[in-house]
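Asks: What follows is the file upload.csv, containing CSV, C-alpha atoms:
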```
chain,number,residue,atom,x,y,z
A,84,MET,CA,236.6,-82.6,123.3
A,85,THR,CA,235.8,-82.2,119.7
A,86,SER,CA,233.9,-79.0,119.0
A,87,ALA,CA,230.7,-78.6,116.9
A,88,HIS,CA,232.7,-76.6,114.4
A,89,GLN,CA,235.3,-79.4,114.1
A,90,ARG,CA,232.6,-82.1,113.7
A,91,LEU,CA,230.9,-80.1,111.0
A,92,GLY,CA,234.2,-79.6,109.2
A,93,GLU,CA,234.7,-83.4,109.2
A,94,ARG,CA,231.3,-84.0,107.7
A,95,ILE,CA,231.8,-81.3,105.1
A,96,ARG,CA,235.1,-83.0,104.1
A,97,VAL,CA,233.5,-86.4,103.9
A,98,PHE,CA,230.7,-84.9,101.7
A,99,ARG,CA,233.3,-83.3,99.4
A,100,ASN,CA,235.2,-86.6,99.1
A,101,THR,CA,232.1,-88.6,98.2
A,102,ARG,CA,230.2,-86.3,95.9
A,103,GLY,CA,231.0,-85.7,92.3
A,104,GLY,CA,231.8,-82.4,90.6
A,105,ARG,CA,234.3,-81.1,93.1
A,106,ARG,CA,238.0,-81.8,93.7
A,107,ALA,CA,238.3,-84.0,96.8
A,108,ALA,CA,239.8,-82.4,99.9
A,109,SER,CA,242.8,-83.8,101.6
A,110,ALA,CA,242.0,-86.6,104.1
A,111,ASP,CA,244.6,-85.3,106.5
A,112,PRO,CA,244.7,-81.5,106.1
A,113,PRO,CA,247.6,-79.5,107.5
A,114,GLY,CA,247.0,-78.7,111.1
A,115,GLY,CA,245.1,-81.9,111.8
A,116,ARG,CA,241.7,-80.5,112.4
A,117,ALA,CA,238.9,-78.8,110.4
A,118,ILE,CA,238.4,-75.1,110.7
A,119,VAL,CA,234.8,-74.2,109.9
A,120,LEU,CA,234.2,-70.6,108.7
A,121,THR,CA,230.7,-71.1,107.3
A,122,CYS,CA,228.5,-70.9,110.3
A,123,SER,CA,226.9,-68.0,112.2
A,124,ASP,CA,227.7,-69.4,115.6
A,125,TYR,CA,229.8,-66.3,116.3
A,126,LEU,CA,230.1,-66.8,120.0
A,127,ALA,CA,230.6,-70.5,119.8
A,128,LEU,CA,227.6,-71.4,121.9
A,129,ALA,CA,226.3,-74.4,120.0
A,130,GLU,CA,227.4,-76.8,122.7
A,131,HIS,CA,227.4,-74.6,125.8
A,132,PRO,CA,226.4,-76.9,128.7
A,133,ALA,CA,224.1,-74.4,130.4
A,134,ILE,CA,222.1,-74.0,127.2
A,135,THR,CA,221.9,-77.7,126.3
A,136,GLU,CA,221.0,-78.6,129.9
A,137,ALA,CA,218.2,-76.1,129.9
A,138,ALA,CA,216.9,-77.3,126.7
A,139,LEU,CA,217.0,-80.9,127.9
A,140,ALA,CA,215.2,-80.0,131.1
A,141,GLY,CA,212.5,-78.2,129.1
A,142,LEU,CA,212.1,-81.3,126.9
A,143,ARG,CA,211.7,-83.6,129.8
A,144,ALA,CA,209.1,-81.3,131.5
A,145,ALA,CA,207.1,-80.5,128.4
A,146,ASP,CA,203.5,-81.4,127.9
A,147,ALA,CA,202.8,-83.8,125.1
A,148,ALA,CA,200.8,-81.2,123.1
A,149,VAL,CA,201.9,-77.7,122.1
A,150,PRO,CA,199.3,-75.3,120.7
A,151,ALA,CA,200.0,-74.4,117.1
A,152,THR,CA,198.6,-70.9,117.1
A,153,GLY,CA,196.5,-68.5,119.1
A,154,ARG,CA,196.9,-65.9,121.8
A,155,LEU,CA,199.4,-66.8,124.5
A,156,ALA,CA,198.7,-65.8,128.1
A,157,GLY,CA,200.8,-63.1,129.7
A,158,ASP,CA,202.5,-65.6,132.0
A,159,HIS,CA,203.2,-68.1,129.2
A,160,PRO,CA,206.9,-68.9,129.1
A,161,GLN,CA,207.2,-67.7,125.5
A,162,THR,CA,205.6,-64.4,126.3
A,163,VAL,CA,207.8,-64.0,129.4
A,164,VAL,CA,211.0,-64.8,127.5
A,165,GLY,CA,209.9,-62.5,124.6
A,166,GLU,CA,209.6,-59.6,127.1
A,167,ARG,CA,213.0,-60.6,128.6
A,168,PHE,CA,214.5,-60.2,125.1
A,169,ALA,CA,212.8,-56.8,124.7
A,170,ARG,CA,214.3,-55.6,128.0
A,171,HIS,CA,217.7,-56.9,126.8
A,172,LEU,CA,217.5,-54.8,123.7
A,173,GLY,CA,216.1,-51.8,125.6
A,174,ALA,CA,212.7,-52.0,123.7
A,175,ARG,CA,209.2,-51.4,124.9
A,176,THR,CA,207.9,-54.9,124.1
A,177,GLY,CA,208.9,-58.0,122.3
A,178,VAL,CA,207.6,-61.3,121.0
A,179,LEU,CA,209.1,-64.6,119.9
A,180,CYS,CA,208.2,-66.2,116.6
A,181,PRO,CA,208.8,-69.6,115.1
A,182,SER,CA,211.7,-68.3,112.9
A,183,GLY,CA,213.5,-65.3,111.7
A,184,ARG,CA,211.6,-65.5,108.4
A,185,ALA,CA,208.3,-65.4,110.3
A,186,ALA,CA,209.5,-62.4,112.3
A,187,GLY,CA,210.6,-60.3,109.3
A,188,ALA,CA,207.7,-61.2,107.0
A,189,GLY,CA,205.1,-61.1,109.8
A,190,LEU,CA,206.1,-57.7,110.9
A,191,LEU,CA,206.0,-56.2,107.4
A,192,ARG,CA,202.6,-57.7,106.9
A,193,LEU,CA,201.5,-55.9,110.0
A,194,VAL,CA,203.0,-52.4,109.3
A,195,ALA,CA,202.8,-52.2,105.5
A,196,GLY,CA,200.0,-52.4,103.0
A,197,PRO,CA,198.9,-51.4,99.4
A,198,ASP,CA,199.0,-47.7,100.3
A,199,VAL,CA,202.3,-47.9,102.3
A,200,PRO,CA,205.5,-47.9,100.3
A,201,VAL,CA,208.3,-50.0,101.7
A,202,TYR,CA,211.9,-48.8,101.0
A,203,LEU,CA,214.3,-51.7,101.2
A,204,ASP,CA,218.1,-51.8,101.0
A,205,VAL,CA,218.9,-53.9,98.0
A,206,LEU,CA,220.7,-56.4,100.3
A,207,ALA,CA,218.0,-56.4,103.1
A,208,HIS,CA,217.0,-59.8,104.3
A,209,ARG,CA,214.7,-61.7,102.0
A,210,SER,CA,212.1,-62.1,104.8
A,211,LEU,CA,211.6,-58.3,104.7
A,212,TRP,CA,211.1,-58.3,100.9
A,213,ALA,CA,208.6,-61.2,101.2
A,214,GLY,CA,206.6,-59.5,104.0
A,215,ALA,CA,206.3,-56.3,101.9
A,216,ARG,CA,205.0,-58.2,99.0
A,217,GLU,CA,202.6,-60.3,101.1
A,218,ALA,CA,201.3,-57.1,102.6
A,219,GLY,CA,200.4,-55.9,99.1
A,220,ALA,CA,202.9,-53.1,99.2
A,221,GLU,CA,205.2,-52.2,96.3
A,222,PRO,CA,208.8,-52.8,97.5
A,223,VAL,CA,211.0,-49.9,96.5
A,224,TRP,CA,214.7,-50.7,96.5
A,225,PHE,CA,217.6,-48.3,97.2
A,226,ARG,CA,221.3,-48.8,96.6
A,227,HIS,CA,223.1,-50.6,99.4
A,228,ASN,CA,223.8,-48.2,102.3
A,229,ASP,CA,223.2,-45.2,99.9
A,230,LEU,CA,221.2,-42.8,102.0
A,231,ASP,CA,221.1,-40.1,99.3
A,232,HIS,CA,219.5,-42.6,97.0
A,233,LEU,CA,217.0,-43.5,99.7
A,234,ARG,CA,216.1,-39.8,100.2
A,235,ARG,CA,215.3,-39.5,96.5
A,236,ARG,CA,213.2,-42.6,96.6
A,237,ILE,CA,211.2,-41.2,99.6
A,238,GLU,CA,210.8,-37.8,98.0
A,239,ALA,CA,209.3,-39.5,95.0
A,240,GLY,CA,207.1,-42.0,96.8
A,241,GLY,CA,206.2,-40.4,100.1
A,242,SER,CA,206.4,-41.5,103.7
A,243,GLY,CA,206.4,-45.2,104.4
A,244,VAL,CA,208.5,-48.0,105.9
A,245,ILE,CA,212.3,-48.3,105.7
A,246,ALA,CA,213.7,-51.8,106.1
A,247,VAL,CA,217.4,-52.6,106.5
A,248,ASP,CA,219.8,-55.0,108.2
A,249,ALA,CA,222.1,-53.8,110.9
A,250,VAL,CA,224.8,-56.1,109.6
A,251,TYR,CA,224.4,-57.7,106.2
A,252,GLY,CA,224.9,-61.5,106.2
A,253,THR,CA,226.1,-61.6,102.6
A,254,ASP,CA,229.2,-59.4,102.9
A,255,GLY,CA,229.4,-58.3,106.6
A,256,SER,CA,228.8,-54.6,105.7
A,257,VAL,CA,227.3,-52.5,108.5
A,258,CYS,CA,224.4,-50.2,108.0
A,259,PRO,CA,225.0,-46.5,108.7
A,260,LEU,CA,222.3,-46.6,111.3
A,261,ALA,CA,222.8,-43.2,113.0
A,262,ARG,CA,222.4,-41.3,109.7
A,263,LEU,CA,219.6,-43.6,108.7
A,264,VAL,CA,217.6,-42.8,111.8
A,265,GLU,CA,217.9,-39.1,110.9
A,266,VAL,CA,216.5,-39.8,107.4
A,267,ALA,CA,213.6,-41.8,108.8
A,268,GLU,CA,212.7,-39.0,111.3
A,269,GLU,CA,213.1,-36.3,108.7
A,270,HIS,CA,210.6,-38.0,106.3
A,271,GLY,CA,208.2,-39.4,108.9
A,272,CYS,CA,209.0,-43.1,108.1
A,273,LEU,CA,208.7,-46.2,110.2
A,274,LEU,CA,212.1,-47.8,110.6
A,275,VAL,CA,212.6,-51.6,110.7
A,276,VAL,CA,216.1,-53.0,111.4
A,277,ASP,CA,217.0,-56.7,111.2
A,278,GLU,CA,219.6,-57.5,113.9
A,279,SER,CA,220.1,-61.2,113.0
A,280,HIS,CA,223.9,-60.8,112.6
A,281,SER,CA,224.4,-58.1,115.3
A,282,LEU,CA,222.4,-59.3,118.2
A,283,GLY,CA,224.8,-60.9,120.7
A,284,THR,CA,227.9,-59.6,119.0
A,285,TYR,CA,227.5,-55.8,119.5
A,286,GLY,CA,227.0,-53.9,122.7
A,287,GLU,CA,228.5,-54.3,126.1
A,288,ARG,CA,226.2,-57.3,126.9
A,289,GLY,CA,225.2,-58.3,123.4
A,290,GLU,CA,222.3,-55.9,123.0
A,291,GLY,CA,222.8,-55.4,119.3
A,292,LEU,CA,224.0,-52.6,117.1
A,293,VAL,CA,221.0,-50.3,117.6
A,294,ALA,CA,221.5,-50.3,121.4
A,295,ALA,CA,225.3,-50.1,121.1
A,296,LEU,CA,224.9,-46.9,119.1
A,297,GLY,CA,222.5,-45.4,121.6
A,298,LEU,CA,219.6,-45.5,119.2
A,299,THR,CA,217.0,-47.3,121.3
A,300,GLY,CA,213.8,-45.3,121.2
A,301,ARG,CA,214.5,-44.1,117.7
A,302,VAL,CA,214.2,-47.4,115.8
A,303,ASP,CA,210.6,-48.4,115.7
A,304,PHE,CA,211.0,-52.2,115.2
A,305,ARG,CA,213.8,-54.7,115.3
A,306,THR,CA,213.7,-58.2,114.1
A,307,ALA,CA,216.1,-61.1,114.4
A,308,SER,CA,216.7,-64.7,113.7
A,309,LEU,CA,217.6,-66.5,116.9
A,310,ALA,CA,219.4,-69.2,114.9
A,311,LYS,CA,222.6,-67.3,114.4
A,312,VAL,CA,224.4,-66.2,117.6
A,313,PHE,CA,221.6,-67.9,119.6
A,314,PRO,CA,221.7,-71.7,119.1
A,315,GLY,CA,218.0,-72.0,118.6
A,316,ARG,CA,215.3,-72.0,116.0
A,317,ALA,CA,213.1,-68.9,116.6
A,318,GLY,CA,212.7,-65.3,115.6
A,319,LEU,CA,212.2,-62.1,117.5
A,320,ILE,CA,210.3,-58.9,117.0
A,321,THR,CA,210.8,-55.9,119.3
A,322,CYS,CA,208.8,-52.7,119.2
A,323,ASP,CA,209.8,-49.2,120.4
A,324,ARG,CA,206.8,-47.5,118.9
A,325,SER,CA,204.7,-45.9,121.7
A,326,GLY,CA,201.5,-46.3,119.7
A,327,PHE,CA,201.7,-50.1,119.7
A,328,GLY,CA,202.5,-50.5,123.4
A,329,GLY,CA,200.9,-53.5,125.1
A,330,ARG,CA,198.8,-54.5,122.1
A,331,PHE,CA,201.8,-55.4,120.0
A,332,PRO,CA,202.3,-59.0,121.0
A,333,HIS,CA,200.5,-62.1,119.6
A,334,PRO,CA,196.9,-60.7,119.2
A,335,VAL,CA,197.9,-58.3,116.4
A,336,LEU,CA,200.4,-60.5,114.6
A,337,PRO,CA,199.4,-62.3,111.4
A,338,ALA,CA,198.6,-66.0,111.6
A,339,GLY,CA,201.7,-68.1,112.0
A,340,CYS,CA,203.9,-65.3,113.4
A,341,GLY,CA,202.6,-65.8,116.9
A,342,SER,CA,202.7,-69.6,116.9
A,343,ALA,CA,203.8,-71.2,120.1
A,344,LEU,CA,207.3,-72.6,120.3
A,345,PRO,CA,208.2,-76.0,121.9
A,346,PRO,CA,209.1,-75.6,125.6
A,347,HIS,CA,212.6,-76.9,125.1
A,348,ASP,CA,213.3,-74.2,122.5
A,349,ILE,CA,212.0,-71.5,124.9
A,350,ALA,CA,214.1,-72.9,127.7
A,351,GLY,CA,217.2,-73.0,125.5
A,352,LEU,CA,216.7,-69.4,124.3
A,353,ALA,CA,216.3,-68.1,127.8
A,354,ALA,CA,219.5,-69.8,128.9
A,355,ALA,CA,221.3,-68.6,125.9
A,356,LEU,CA,220.3,-65.0,126.6
A,357,GLU,CA,221.7,-65.2,130.1
A,358,VAL,CA,225.0,-66.7,128.8
A,359,ILE,CA,225.3,-64.0,126.2
A,360,ARG,CA,224.7,-61.3,128.7
A,361,ARG,CA,227.1,-62.8,131.3
A,362,GLU,CA,230.0,-64.1,129.2
A,363,GLY,CA,231.4,-61.0,127.7
A,364,ARG,CA,234.8,-62.7,127.2
A,365,ARG,CA,233.2,-64.4,124.2
A,366,ARG,CA,232.6,-61.1,122.5
A,367,THR,CA,236.1,-60.0,123.5
A,368,ARG,CA,237.6,-63.1,121.9
A,369,LEU,CA,235.4,-62.7,118.8
A,370,ARG,CA,236.7,-59.1,118.3
A,371,ALA,CA,240.3,-60.2,118.7
A,372,VAL,CA,239.9,-63.1,116.2
A,373,THR,CA,238.0,-60.9,113.7
A,374,SER,CA,240.6,-58.1,114.0
A,375,GLY,CA,243.5,-60.6,113.6
A,376,LEU,CA,242.0,-62.1,110.5
A,377,ARG,CA,241.0,-58.8,108.9
A,378,ASP,CA,244.4,-57.2,109.5
A,379,GLY,CA,246.3,-60.2,108.4
A,380,LEU,CA,244.3,-60.7,105.2
A,381,ALA,CA,244.6,-57.0,104.3
A,382,GLY,CA,248.3,-57.2,104.9
A,383,LEU,CA,248.5,-60.0,102.4
A,384,GLY,CA,246.9,-57.8,99.8
A,385,TYR,CA,243.4,-59.3,99.8
A,386,ARG,CA,240.6,-56.8,99.1
A,387,LEU,CA,238.1,-56.9,102.0
A,388,VAL,CA,234.6,-55.4,102.2
A,389,GLU,CA,235.0,-52.7,104.8
A,390,SER,CA,233.5,-53.7,108.1
A,391,ASP,CA,234.2,-54.6,111.7
A,392,ALA,CA,231.8,-57.5,111.7
A,393,PRO,CA,232.9,-61.1,112.1
A,394,ILE,CA,231.6,-61.8,108.6
A,395,ILE,CA,234.8,-61.2,106.5
A,396,ALA,CA,234.2,-61.0,102.8
A,397,LEU,CA,237.2,-61.2,100.4
A,398,GLU,CA,236.5,-59.7,96.9
A,399,ALA,CA,237.4,-62.2,94.1
A,400,GLY,CA,237.9,-61.2,90.5
A,401,SER,CA,235.7,-63.9,89.1
A,402,GLU,CA,233.6,-66.9,90.0
A,403,ALA,CA,236.5,-69.1,88.9
A,404,GLU,CA,238.8,-67.3,91.3
A,405,ALA,CA,236.3,-67.6,94.2
A,406,THR,CA,235.8,-71.3,93.5
A,407,LEU,CA,239.5,-71.8,93.3
A,408,MET,CA,240.1,-70.2,96.7
A,409,ARG,CA,237.2,-72.0,98.4
A,410,ASP,CA,238.3,-75.4,97.2
A,411,ALA,CA,242.0,-74.8,97.9
A,412,LEU,CA,241.2,-73.8,101.4
A,413,ALA,CA,239.0,-76.9,101.8
A,414,GLY,CA,241.9,-79.0,100.7
A,415,ARG,CA,243.7,-77.6,103.8
A,416,GLY,CA,240.8,-78.3,106.1
A,417,ILE,CA,239.5,-74.7,106.1
A,418,PHE,CA,235.9,-74.4,105.0
A,419,SER,CA,234.7,-71.1,103.6
A,420,ALA,CA,231.8,-70.0,101.3
A,421,ALA,CA,232.0,-68.7,97.8
A,422,LEU,CA,229.2,-66.2,96.9
A,423,PHE,CA,228.3,-65.3,93.4
A,424,PRO,CA,226.2,-62.5,91.8
A,425,PRO,CA,223.5,-61.5,92.2
A,426,ALA,CA,223.3,-62.9,95.7
A,427,ALA,CA,226.8,-61.9,96.8
A,428,SER,CA,226.6,-58.2,96.7
A,429,ALA,CA,224.8,-55.2,95.4
A,430,ASP,CA,227.4,-54.3,92.8
A,431,ARG,CA,227.8,-57.9,91.4
A,432,ARG,CA,231.1,-58.6,93.1
A,433,THR,CA,232.1,-62.3,93.7
A,434,LEU,CA,233.1,-63.0,97.3
A,435,VAL,CA,234.7,-65.6,99.5
A,436,ARG,CA,233.1,-65.3,102.9
A,437,LEU,CA,234.8,-66.3,106.2
A,438,SER,CA,232.6,-66.3,109.3
A,439,ALA,CA,234.9,-65.8,112.3
A,440,HIS,CA,233.9,-67.2,115.7
A,441,ALA,CA,235.1,-67.1,119.3
A,442,GLY,CA,236.1,-70.8,119.2
A,443,LEU,CA,239.0,-70.1,116.9
A,444,THR,CA,242.4,-70.4,118.6
A,445,ASP,CA,245.5,-68.2,117.9
A,446,GLY,CA,246.8,-71.3,116.1
A,447,ASP,CA,243.7,-71.4,113.9
A,448,VAL,CA,244.1,-67.8,112.9
A,449,HIS,CA,247.7,-68.4,112.0
A,450,ARG,CA,246.8,-71.4,110.0
A,451,ILE,CA,244.1,-69.5,108.1
A,452,LEU,CA,246.5,-66.7,107.3
A,453,ALA,CA,249.3,-69.0,106.3
A,454,ALA,CA,247.0,-70.8,103.9
A,455,CYS,CA,245.8,-67.5,102.4
A,456,GLU,CA,249.4,-66.4,102.0
A,457,ASP,CA,250.3,-69.6,100.2
A,458,LEU,CA,247.3,-69.1,97.9
A,459,ARG,CA,247.9,-65.5,97.2
A,460,PRO,CA,250.1,-66.0,94.1
A,461,ARG,CA,247.5,-68.3,92.6
A,462,MET,CA,244.7,-65.9,93.3
A,463,VAL,CA,246.6,-63.0,91.6
A,464,ALA,CA,247.3,-65.2,88.6
A,465,ALA,CA,243.7,-66.3,88.4
A,466,GLY,CA,242.5,-62.7,88.6
```
Take the structure from the file and write it as structure tokens.

Replies:
Amino acid sequence: MTSAHQRLGERIRVFRNTRGGRRAASADPPGGRAIVLTCSDYLALAEHPAITEAALAGLRAADAAVPATGRLAGDHPQTVVGERFARHLGARTGVLCPSGRAAGAGLLRLVAGPDVPVYLDVLAHRSLWAGAREAGAEPVWFRHNDLDHLRRRIEAGGSGVIAVDAVYGTDGSVCPLARLVEVAEEHGCLLVVDESHSLGTYGERGEGLVAALGLTGRVDFRTASLAKVFPGRAGLITCDRSGFGGRFPHPVLPAGCGSALPPHDIAGLAAALEVIRREGRRRTRLRAVTSGLRDGLAGLGYRLVESDAPIIALEAGSEAEATLMRDALAGRGIFSAALFPPAASADRRTLVRLSAHAGLTDGDVHRILAACEDLRPRMVAAG
């Protein structure tokens, strides 16, 4: 059976062959199948039968009309599943939102304001920046993962909200959460952590990085897009702040953040949560694939952003070098992403990003490394 990753690779190859401005990829790449390293489907759940069947059953059973906004009853499926997610993360309460953007921006609109400074890692997700601005707060950036710089910012601006990602989607770098919690507690700041790229992949049962590090109860709020590891289209906010308690869900959220999700999306998310909790072999496989690729690429002399996340970022010397590698890999049926400043990294590095996933075989890993080994002399020359 052809996987979702393979089919996406075929579509990308057709697109590259029919659109101008790029060198066409080979019609028959070595290895005979596309390898897609551009998605966030880290556990390869996009076509899991239990998830698709649950979503289809929810679609068939759904009422014709879905309320757009408003308070949802305590027994509404969306409320129930939101609380199920909260228990999974070890949080006090949780709520599902229409998207990760709605979760991040909506939460910041709730906890920030004109008199509340918001300290954001320069690579923090754009939804957190947008929410701070929409709340009328003045966003205050600090250098990526630089807690000394954050301390100086807080000492100058006073107590407020700190907003970071657990794992940064641009380069796969991991936030030093244990030390960050100490900074937040020392200065009396609320702490918001986006777990979009760590929920499902970290923790014994996919509880996320905060729980995996034993920091539940010390991180006030967590947000996440459920369109990464989770094959859905929703967002999540969880709260571990005792002062919010039971009044945190929909009634206090800004308009739009508490919108009702379609029943089939709720059913699919509930099924995905159970699969992620139950099928730990997928995390085991993801770790093995990630380790194999990281060790192999480092052994070939590539400079990698230090991390243990499945987002593997190779540092390129220039935009031309990154483009060369991306297109050369595509010519071999291996699809990666080239990221250019300022979006790529905090220090203006140019990156080639590979997103590992549990669906990769040992043969795929070997093929990726063999292609990168063949390209290495060209990359050195281009650099």

Asks: What does the distance from CA of Arg184 (chain A) to CA of Thr253 (chain A) come to in Å, to one decimal?

Replies: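 These two atoms are separated by 16.1 Å.
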
Asks: I'd like the interatomic distance between CA of Leu298 (chain A) and CA of Leu233 (chain A), to a tenth of an Å.

Replies: 19.8 Å

Asks: CA of Ala381 (chain A) and CA of Val250 (chain A), how far apart in Å?

Replies: 20.5 Å

Asks: Here is a test: counting all atoms listed in the file, which residue of A:Arg305, A:Arg288, A:Arg236, A:Arg226 is nearest to Ala249 (chain A)?

Replies: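 Of all the options, A:Arg305 lies closest to Ala249 (chain A).
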
Asks: Determine the nearest neighbour of Val119 (chain A) from the options A:Arg432, A:His440, A:Arg461, A:His159, counting only C-alpha atoms.

Replies: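 The answer is A:His440, which sits nearest to Val119 (chain A).
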
Asks: Using all atoms listed in the file, which of the listed residues (A:His131, A:His208, A:His347, A:Arg116) sits closest to Arg365 (chain A)?

Replies: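 Of all the options, A:His131 lies closest to Arg365 (chain A).
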
Asks: Give me, as number ranges by chain, all polymer residues having an atom no more than 8 Å from region 136-140 of chain A, counting all atoms listed in the file and skipping those fewer than 4 positions away in the same chain.

Replies: A: 132, 144, 347-351, 354

Asks: Do you know which residues are at most 8 Å from region 242-246 of chain A counting all atoms listed in the file, after dropping those on the same chain fewer than 5 positions away, and could you put them as an MDAnalysis selection string?

Replies: chainID A and resid 194:195 199:204 207 211 237 267 270:277

Asks: Please provide the set of residues having any atom within 9 Å of Gly289 (chain A), restricted to only C-alpha atoms, with same-chain residues fewer than 3 positions apart removed, written as a ChimeraX atom specification.

Replies: /A:171-172,281-286,292,295,356,359-360,363,366

Asks: Store the residues picked out above, limited to C-alpha atoms, as an mmCIF file, keeping the file's coordinate frame.

Replies:
```cif
data_model
loop_
_atom_site.group_PDB
_atom_site.id
_atom_site.type_symbol
_atom_site.label_atom_id
_atom_site.label_comp_id
_atom_site.auth_asym_id
_atom_site.auth_seq_id
_atom_site.Cartn_x
_atom_site.Cartn_y
_atom_site.Cartn_z
ATOM 1 C CA HIS A 171 217.700 -56.900 126.800
ATOM 2 C CA LEU A 172 217.500 -54.800 123.700
ATOM 3 C CA SER A 281 224.400 -58.100 115.300
ATOM 4 C CA LEU A 282 222.400 -59.300 118.200
ATOM 5 C CA GLY A 283 224.800 -60.900 120.700
ATOM 6 C CA THR A 284 227.900 -59.600 119.000
ATOM 7 C CA TYR A 285 227.500 -55.800 119.500
ATOM 8 C CA GLY A 286 227.000 -53.900 122.700
ATOM 9 C CA LEU A 292 224.000 -52.600 117.100
ATOM 10 C CA ALA A 295 225.300 -50.100 121.100
ATOM 11 C CA LEU A 356 220.300 -65.000 126.600
ATOM 12 C CA ILE A 359 225.300 -64.000 126.200
ATOM 13 C CA ARG A 360 224.700 -61.300 128.700
ATOM 14 C CA GLY A 363 231.400 -61.000 127.700
ATOM 15 C CA ARG A 366 232.600 -61.100 122.500
#
```

Asks: Please provide the set of residues having any atom within 10 Å of Glu402 (chain A), restricted to only C-alpha atoms, with same-chain residues fewer than 4 positions apart removed, written as a ChimeraX atom specification.

Replies: /A:406-408,421-424,432-435,466

Asks: Hey, which of A:Gly240, A:Gly318, A:Pro345, A:Gly141 ends up closest to Asp198 (chain A)? Count only C-alpha atoms.

Replies: A:Gly240

Asks: Identify, on the basis of all atoms listed in the file, every residue whose closest approach to Gly183 (chain A) does not exceed 7 Å; exclude the query and any residue fewer than 6 positions from it along the same chain; express the result as an mmCIF file with C-alpha atoms, keeping the file's coordinate frame.

Replies:
```
data_model
loop_
_atom_site.group_PDB
_atom_site.id
_atom_site.type_symbol
_atom_site.label_atom_id
_atom_site.label_comp_id
_atom_site.auth_asym_id
_atom_site.auth_seq_id
_atom_site.Cartn_x
_atom_site.Cartn_y
_atom_site.Cartn_z
ATOM 1 C CA ALA A 307 216.100 -61.100 114.400
ATOM 2 C CA SER A 308 216.700 -64.700 113.700
ATOM 3 C CA LEU A 309 217.600 -66.500 116.900
ATOM 4 C CA ALA A 317 213.100 -68.900 116.600
ATOM 5 C CA GLY A 318 212.700 -65.300 115.600
ATOM 6 C CA LEU A 319 212.200 -62.100 117.500
#
```

Asks: Please list, as a list in words, the residues that have an atom at most 8 Å away from (213.2, -58.0, 121.0) in the coordinates of this file, counting all atoms listed in the file.

Replies: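 Counting all atoms listed in the file, I find these residues within 8 Å of (213.2, -58.0, 121.0): Gly165, Glu166, Phe168, Ala169, Arg170, His171, Leu172, Ala174, Thr176, Gly177, Val178, Leu179, Arg305, Thr306, Ala307, Leu319, Ile320, Thr321 and Cys322 of chain A.
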
Asks: Keeping C-alpha atoms, export the residues of the selection given above as a PDB file, in the coordinates of the input.

Replies:
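Final output, out39.pdb:
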```
ATOM      1  CA  GLY A 165     209.900 -62.500 124.600  1.00  0.00           C
ATOM      2  CA  GLU A 166     209.600 -59.600 127.100  1.00  0.00           C
ATOM      3  CA  PHE A 168     214.500 -60.200 125.100  1.00  0.00           C
ATOM      4  CA  ALA A 169     212.800 -56.800 124.700  1.00  0.00           C
ATOM      5  CA  ARG A 170     214.300 -55.600 128.000  1.00  0.00           C
ATOM      6  CA  HIS A 171     217.700 -56.900 126.800  1.00  0.00           C
ATOM      7  CA  LEU A 172     217.500 -54.800 123.700  1.00  0.00           C
ATOM      8  CA  ALA A 174     212.700 -52.000 123.700  1.00  0.00           C
ATOM      9  CA  THR A 176     207.900 -54.900 124.100  1.00  0.00           C
ATOM     10  CA  GLY A 177     208.900 -58.000 122.300  1.00  0.00           C
ATOM     11  CA  VAL A 178     207.600 -61.300 121.000  1.00  0.00           C
ATOM     12  CA  LEU A 179     209.100 -64.600 119.900  1.00  0.00           C
ATOM     13  CA  ARG A 305     213.800 -54.700 115.300  1.00  0.00           C
ATOM     14  CA  THR A 306     213.700 -58.200 114.100  1.00  0.00           C
ATOM     15  CA  ALA A 307     216.100 -61.100 114.400  1.00  0.00           C
ATOM     16  CA  LEU A 319     212.200 -62.100 117.500  1.00  0.00           C
ATOM     17  CA  ILE A 320     210.300 -58.900 117.000  1.00  0.00           C
ATOM     18  CA  THR A 321     210.800 -55.900 119.300  1.00  0.00           C
ATOM     19  CA  CYS A 322     208.800 -52.700 119.200  1.00  0.00           C
TER      20      CYS A 322
END
```

Asks: Could you tell me which of A:Leu397, A:Leu383, A:Ala213, A:Ala454 comes closest to Gly414 (chain A) if we count all atoms listed in the file?

Replies: A:Ala454

Asks: Using only C-alpha atoms, pick whichever of A:Glu287, A:Asp445, A:Asp410, A:Glu238 has the shortest atom-to-atom distance to Arg364 (chain A).

Replies: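 Closest to Arg364 (chain A), using only C-alpha atoms: A:Glu287.
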
Asks: With the input short on atoms, add N, CA and C atoms back to region 448-452 of chain A and write it as an mmCIF file, in the coordinates of the input.

Replies:
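Below is the file selection-v4.cif, written as the result:
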```
data_model
loop_
_atom_site.group_PDB
_atom_site.id
_atom_site.type_symbol
_atom_site.label_atom_id
_atom_site.label_comp_id
_atom_site.auth_asym_id
_atom_site.auth_seq_id
_atom_site.Cartn_x
_atom_site.Cartn_y
_atom_site.Cartn_z
ATOM 1 N N VAL A 448 243.925 -69.049 113.683
ATOM 2 C CA VAL A 448 244.100 -67.800 112.900
ATOM 3 C C VAL A 448 245.371 -67.823 112.130
ATOM 4 N N HIS A 449 246.448 -68.287 112.758
ATOM 5 C CA HIS A 449 247.700 -68.400 112.000
ATOM 6 C C HIS A 449 247.624 -69.328 110.866
ATOM 7 N N ARG A 450 246.945 -70.440 111.062
ATOM 8 C CA ARG A 450 246.800 -71.400 110.000
ATOM 9 C C ARG A 450 245.994 -70.881 108.817
ATOM 10 N N ILE A 451 244.932 -70.154 109.117
ATOM 11 C CA ILE A 451 244.100 -69.500 108.100
ATOM 12 C C ILE A 451 244.941 -68.544 107.262
ATOM 13 N N LEU A 452 245.678 -67.679 107.972
ATOM 14 C CA LEU A 452 246.500 -66.700 107.300
ATOM 15 C C LEU A 452 247.626 -67.297 106.496
#
```
